[in-house]
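Step one of this worksheet: look at the structure below.
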Amino acid sequence: MRIPFVHDKSPIHGANIIKHWFEDHPELDVLPWPAKGADLNPIENVWGDIVKDCEFFRPRTDDEVFERANSIWECYRNNANYWRKLALSMINRLRLVVENEGYWTKY
C-alpha cells in the first residue's frame, strides 16, 4: 500500500539528501504541491502556534528543548477543539485559495 505524502516547496525539501530518502522509500507517494501551498496545509498553523508558545522560552540544554516541545505537543494533542477548529478551517482555506487564484491568503 502506498502512502500519500505532502510537503511544500521549501528549499530544504529539495535537498539531495531528502530526494534520495524518498527514492529509498517507494511506499511513500509524494504528491505534487503548489509553491504557495502552505495555505492548504494546516500543519503550518500548528508549527506557528508552537513557535508562539515558545516565544519567551530560553532553554539551556537539549533536554529542556525536548521537554518543552513534548509538553506543548501533549497540550495540543489532548485538545479536541483545537484540531476540530483546524479541520473545519479547510473549507474556508479552499474557498480563499480559489478566490485568490492560488495566491497567499490570510492563513
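Ordered as shown in the C-alpha cells, chains take letters A, B, and onward, while each chain numbers its residues from 1 and ligands are numbered from 1 in the order shown.
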Rows by chain and residue number, segment 6-67 of chain A within 10 Å of segment 81-92 of chain A, shortest pair, only C-alpha atoms, as JSON lines:
{"residue": "A:Asp39", "atom": "CA", "partner": "A:Met90", "partner_atom": "CA", "distance": 9.1}
{"residue": "A:Leu40", "atom": "CA", "partner": "A:Met90", "partner_atom": "CA", "distance": 7.2}
{"residue": "A:Asn41", "atom": "CA", "partner": "A:Met90", "partner_atom": "CA", "distance": 8.7}
{"residue": "A:Pro42", "atom": "CA", "partner": "A:Leu86", "partner_atom": "CA", "distance": 6.6}
{"residue": "A:Ile43", "atom": "CA", "partner": "A:Leu86", "partner_atom": "CA", "distance": 8.9}
{"residue": "A:Asn45", "atom": "CA", "partner": "A:Leu86", "partner_atom": "CA", "distance": 8.3}
{"residue": "A:Val46", "atom": "CA", "partner": "A:Leu86", "partner_atom": "CA", "distance": 8.7}
List every residue of chain A that DSSP, applied to the backbone of this structure, assigns to alpha helix (DSSP H), and report them as a PyMOL selection string. chain A and resi 16-23+43-53+62-77+80-99
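Taking the backbone of this structure through DSSP, the residues of chain A that come out as strand (DSSP E or B) are Ile3, Pro4, Phe5, Leu28, Asp29 and Val30 of chain A.
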Just to confirm, what's the straight-line distance from atom CA of Arg68 of chain A to atom CA of Phe56 of chain A in Å (one decimal)? 11.6 Å
Calculate how many Å separate atom CA of Ala80 of chain A from atom CA of Leu94 of chain A, rounding to one decimal.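 If I compute the distance from atom CA of Ala80 of chain A to atom CA of Leu94 of chain A, I get 22.1 Å.
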Kindly indicate which residue among A:Glu44, A:Asp53, A:Asp29, A:Glu99 lies nearest to Asp8 of chain A, using only C-alpha atoms for the distances.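 Going through A:Glu44, A:Asp53, A:Asp29, A:Glu99 one by one, the smallest distance to Asp8 of chain A is for A:Glu44.
Note that atom CA of Gly102 of chain A and atom CA of His7 of chain A are 16.7 Å apart.
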Of A:Glu64, A:His13, A:Asn100, A:Arg2, the one nearest to His25 of chain A when counting only C-alpha atoms is A:Arg2
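For the set A:Ile18, A:Ile12, A:Val30, A:Ile72, the residue with the smallest atom-to-atom gap to Cys54 of chain A is A:Ile72, counting only C-alpha atoms.
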